[in-house]
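Everything below concerns the one structure shown next.
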Amino acid sequence: MPTDKPHRQHLTNSKSLITTYEETRAGFVALALEKNRRATPLIEEARSLKAAASKISTPASLINIAGIQAALLTAAGVSNKAAGHMEPADQKEAIQGLIKQFLEPAGPDFVEELVFRFLLTRGDALGGSMRNVGGALAQRKLTRAIIATLSVAGISYDWFSTKSNTWIHGTEDDPDIELDATGLSWSSGGQNRSVRYNLTVPFLKKNVDLCLFNCRCQELSISYGNPALYIALGELKGGIDPAGADEHWKTSRTSLSRIRLVFADRGLSPHLFFVGAAIENSMAEEIWLQLEDGTLCNAANLTDANQVASLCRWLCNL
């Protein structure tokens with residue numbers, strides 16, 4: 001069972017929470033690698049578009065090539081979301097505008113111009129998704145640590161796949177579960193536990209990064225609206241840039257304070273915790289004080305594997 005001060009299992013003082021220079025550097029490298037991973041399909045799409053467009057001699061003929069209309073719309077600056085709201089005639093007009101205003105003036109270099117404009121739009125979309133990549137990487141790391149804790153204890157689990165929108169029984173042959181999982185569920189000692197990420201809690205009307213429930217995964221949909229079934233709620237901040245650390249903590253502190261008050265109004269006090277990748281000195285001191293006075297139940301630096309493992313053991317034993 002968790003101790004009265006579970007953070008003492010992996011933290012000795014506020015300095016234990018501070019992200020080191022080496023950890024910050026490693027975090028930036030991880031972000032760069034993830035950006036390259038996400039960019040790979042984009043590059044392949046651009047190559048495919050170039051190969052198809054290179055078979056013709058004039059930009060006007062592009063509109064007759066089957067299978068590249070979506071890419072032409074992208075090159076015209078139309079996002080996938082916007083394209084879904086456009087009539088076929090509007091889409092055709094956008095493509096013709098691309099050809100007349102940009103591709104024809106490029107002369108013999110129209111294929112390069114087409115690919116450039118395709119990458120410009122797709123790259124902008126990639127940049128938007130990268131703004132949330134820190135949170136995605138943090139979620140993956142925590143998911144993998146929770147799975148490791150359960151596996152070491154010999155506890156079977158199910159995980160929720162966003163791709164198939166179903167719960168899947170976990171096996172040892174699933175090395176990339178964390179890339180797709182947005183939930184975990186297990187039973188131990190006669191108790192059922194389920195975790196969901198990025199949940200908009202109905203009675204809070206706010207998004208919470210991680211919620212731990214006292215229920216089976218099959219009961220989650222009706223459990224969201226029952227405050228008594230919430231065992232723990234946590235803020236998870238995966239951004240590694242030290243410049244944004246204090247702002248991330250202020251946002252999390254405000255969110256956790258609101259969660260505390262809303263549950264207190266119902267006579268409840270679930271466990272609240274914070275996990276962050278970029279933790280600077282001043283915020284580390286404030287987090288430590290909240291841990292010591294019981295305002296926070298637990299906290300960990302995401303870049304420290306031992307701290308993450310300890311916090312996950314605590315979560316799994318609540």
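Residue names in the structure tokens use chain letters A, B, ... in the order shown, residue numbers from 1 in each chain, and ligand numbers from 1 in the order shown.
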(request) Name the residues of range 66-310 of chain A that come out as strand (DSSP E) in a backbone DSSP run; write them as a PyMOL selection string. (result) chain A and resi 157-161+166-169+181-188+191-201+206-213+230-237+271-276+298-301
Any idea what's packed within 6 Å of range 95-99 of chain A, counting only C-alpha atoms, ignoring anything in its chain fewer than 5 positions away? Could you give it as a short mmCIF file (atom, residue, chain, number, x, y, z; two decimals) with all heavy atoms, in the first residue's frame?
data_model
loop_
_atom_site.label_atom_id
_atom_site.label_comp_id
_atom_site.auth_asym_id
_atom_site.auth_seq_id
_atom_site.Cartn_x
_atom_site.Cartn_y
_atom_site.Cartn_z
N LEU A 73 -4.81 19.82 -54.04
CA LEU A 73 -5.52 20.71 -53.11
C LEU A 73 -4.60 21.16 -51.98
O LEU A 73 -4.61 22.32 -51.58
CB LEU A 73 -6.73 19.98 -52.52
CG LEU A 73 -8.06 20.10 -53.28
CD1 LEU A 73 -9.12 19.26 -52.58
CD2 LEU A 73 -8.51 21.55 -53.37
N ALA A 76 -2.35 23.73 -53.10
CA ALA A 76 -3.09 24.99 -53.28
C ALA A 76 -3.32 25.69 -51.94
O ALA A 76 -3.91 26.77 -51.90
CB ALA A 76 -4.42 24.72 -53.96
N GLU A 104 2.24 27.70 -63.64
CA GLU A 104 2.55 28.16 -65.00
C GLU A 104 3.65 29.23 -65.02
O GLU A 104 4.55 29.15 -65.87
CB GLU A 104 1.28 28.66 -65.68
CG GLU A 104 0.32 27.51 -66.04
CD GLU A 104 -0.94 27.99 -66.74
OE1 GLU A 104 -1.19 29.22 -66.75
OE2 GLU A 104 -1.68 27.13 -67.28
#
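Excluding Gln218 in chain A and any residue on its chain fewer than 6 positions from it, the residues at most 10 Å away by only C-alpha atoms are Trp167, Ser185 and Ser194 of chain A.
Remark: for Gly294 in chain A, the closest of the candidate residues A:Ala243, A:Leu272, A:Leu204, A:Leu11 is A:Leu272 (distances computed over only C-alpha atoms).
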(message) Which residues are near Arg122 in chain A? Cut-off 12 Å, only C-alpha atoms, ignore same chain within fewer than 2 positions. Put them as a VMD selection string.
(response) chain A and resid 38 to 46 70 to 80 115 to 120 124 to 129
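Between CA of Ala284 in chain A and CA of His7 in chain A the interatomic distance comes to 13.0 Å.
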(request) Can you work out the spacing between CA of Ile168 in chain A and CA of Arg140 in chain A in Å, to one decimal? (result) 16.8 Å
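The space between CA of Pro227 in chain A and CA of Asn198 in chain A spans 16.6 Å.
Assigned to helix (DSSP H, G or I) in range 203-255 of chain A, given DSSP computed from backbone atoms, are A:Cys217, A:Gln218, A:Glu219, A:Leu220, A:Ser221, A:Ile222, A:Ser223, A:Pro227, A:Ala228, A:Leu229, A:Pro242, A:Ala243, A:Gly244, A:Ala245, A:Asp246, A:Glu247, A:His248, A:Trp249, A:Lys250, A:Thr251, A:Ser252, A:Arg253, A:Thr254, A:Ser255.
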(request) Compile the contact shell of Ile279 in chain A as a count of residues only: residues with an atom at most 12 Å away, counting only C-alpha atoms, same-chain residues fewer than 6 positions apart removed. (result) 34
(request) Within 12 Å of Ala181 in chain A, counting only C-alpha atoms, which residues show up once you throw out same-chain ones fewer than 2 positions away? Write them as a ChimeraX atom specification, please. (result) /A:136-137,139-144,146-147,158-170,174-179,183-185,195-198
Would you save the residues from that selection as a PDB file, in the first residue's frame, using C-alpha atoms?
ATOM      1  CA  ALA A 136       2.445  12.617 -26.623  1.00  0.00           C
ATOM      2  CA  LEU A 137       5.963  11.505 -25.684  1.00  0.00           C
ATOM      3  CA  GLN A 139       2.025   9.887 -22.295  1.00  0.00           C
ATOM      4  CA  ARG A 140       3.971   7.129 -24.033  1.00  0.00           C
ATOM      5  CA  LYS A 141       6.640   7.076 -21.351  1.00  0.00           C
ATOM      6  CA  LEU A 142       4.090   6.900 -18.543  1.00  0.00           C
ATOM      7  CA  THR A 143       2.094   4.217 -20.354  1.00  0.00           C
ATOM      8  CA  ARG A 144       5.155   2.058 -20.836  1.00  0.00           C
ATOM      9  CA  ILE A 146       2.645   1.500 -15.970  1.00  0.00           C
ATOM     10  CA  ILE A 147       2.685  -1.568 -18.233  1.00  0.00           C
ATOM     11  CA  ASP A 158      -6.145  -4.364 -21.332  1.00  0.00           C
ATOM     12  CA  TRP A 159      -5.334  -1.253 -23.338  1.00  0.00           C
ATOM     13  CA  PHE A 160      -7.502   1.086 -25.364  1.00  0.00           C
ATOM     14  CA  SER A 161      -6.522   1.473 -29.019  1.00  0.00           C
ATOM     15  CA  THR A 162      -7.375   4.809 -30.618  1.00  0.00           C
ATOM     16  CA  LYS A 163      -6.956   3.262 -34.072  1.00  0.00           C
ATOM     17  CA  SER A 164      -9.536   0.519 -33.589  1.00  0.00           C
ATOM     18  CA  ASN A 165     -11.514   2.315 -30.847  1.00  0.00           C
ATOM     19  CA  THR A 166     -11.589  -0.896 -28.830  1.00  0.00           C
ATOM     20  CA  TRP A 167     -10.068  -2.417 -25.713  1.00  0.00           C
ATOM     21  CA  ILE A 168      -7.401  -5.026 -26.486  1.00  0.00           C
ATOM     22  CA  HIS A 169      -5.893  -7.587 -24.142  1.00  0.00           C
ATOM     23  CA  GLY A 170      -2.206  -6.872 -23.603  1.00  0.00           C
ATOM     24  CA  ASP A 174       3.044  -5.685 -28.272  1.00  0.00           C
ATOM     25  CA  PRO A 175       6.245  -3.596 -28.178  1.00  0.00           C
ATOM     26  CA  ASP A 176       4.609  -0.420 -29.539  1.00  0.00           C
ATOM     27  CA  ILE A 177       1.426  -0.272 -27.461  1.00  0.00           C
ATOM     28  CA  GLU A 178       2.320   3.180 -26.150  1.00  0.00           C
ATOM     29  CA  LEU A 179       2.164   4.664 -29.663  1.00  0.00           C
ATOM     30  CA  GLY A 183      -6.139   3.942 -21.765  1.00  0.00           C
ATOM     31  CA  LEU A 184      -5.185   0.980 -19.564  1.00  0.00           C
ATOM     32  CA  SER A 185      -7.243  -1.315 -17.342  1.00  0.00           C
ATOM     33  CA  VAL A 195      -6.672   4.795 -16.617  1.00  0.00           C
ATOM     34  CA  ARG A 196      -7.712   7.245 -19.324  1.00  0.00           C
ATOM     35  CA  TYR A 197      -5.605  10.030 -20.810  1.00  0.00           C
ATOM     36  CA  ASN A 198      -6.781  13.465 -21.966  1.00  0.00           C
TER      37      ASN A 198
END
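Closest approach to Leu236 in chain A among A:Lys206, A:Ala138, A:Pro270, A:Arg260: A:Ala138, based on only C-alpha atoms.
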(request) Identify, on the basis of only C-alpha atoms, every residue whose closest approach to Phe273 in chain A does not exceed 7 Å; exclude the query and any residue fewer than 6 positions from it along the same chain; express the result as a PyMOL selection string. (result) chain A and resi 233-235+296-299
Okay, now the selection with N, CA, C and O atoms, as a CSV table (one decimal), in the first residue's frame?
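Writing the result to selection-v5.csv gives the following:
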chain,number,residue,atom,x,y,z
A,233,LEU,N,-6.0,12.0,-10.1
A,233,LEU,CA,-6.0,12.8,-11.3
A,233,LEU,C,-4.7,13.5,-11.4
A,233,LEU,O,-4.1,14.0,-10.3
A,234,GLY,N,-4.1,13.6,-12.6
A,234,GLY,CA,-2.8,14.1,-12.6
A,234,GLY,C,-2.5,15.0,-13.9
A,234,GLY,O,-3.2,14.8,-14.9
A,235,GLU,N,-1.6,15.9,-13.7
A,235,GLU,CA,-1.2,16.8,-14.8
A,235,GLU,C,0.1,16.2,-15.3
A,235,GLU,O,1.1,15.9,-14.6
A,296,LEU,N,-0.3,18.3,-2.8
A,296,LEU,CA,0.0,17.3,-3.9
A,296,LEU,C,0.3,15.9,-3.2
A,296,LEU,O,1.0,15.9,-2.2
A,297,CYS,N,-0.2,14.8,-3.8
A,297,CYS,CA,0.1,13.5,-3.2
A,297,CYS,C,1.4,12.9,-3.8
A,297,CYS,O,2.0,12.1,-3.1
A,298,ASN,N,1.7,13.3,-5.0
A,298,ASN,CA,3.0,12.7,-5.6
A,298,ASN,C,3.4,13.6,-6.8
A,298,ASN,O,2.6,14.4,-7.3
A,299,ALA,N,4.7,13.5,-7.2
A,299,ALA,CA,5.2,14.2,-8.3
A,299,ALA,C,6.5,13.5,-8.8
A,299,ALA,O,7.1,12.7,-8.0
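Nearest residue to Val201 in chain A, choosing from A:Ala264, A:Ile155, A:Leu229, A:Ala26 and counting only C-alpha atoms: A:Leu229.
For the residues A:Ala232, A:Leu220, A:Ala89, A:Leu199, ranking by smallest atom-to-atom distance to Cys312 in chain A using only C-alpha atoms places A:Ala232 first.
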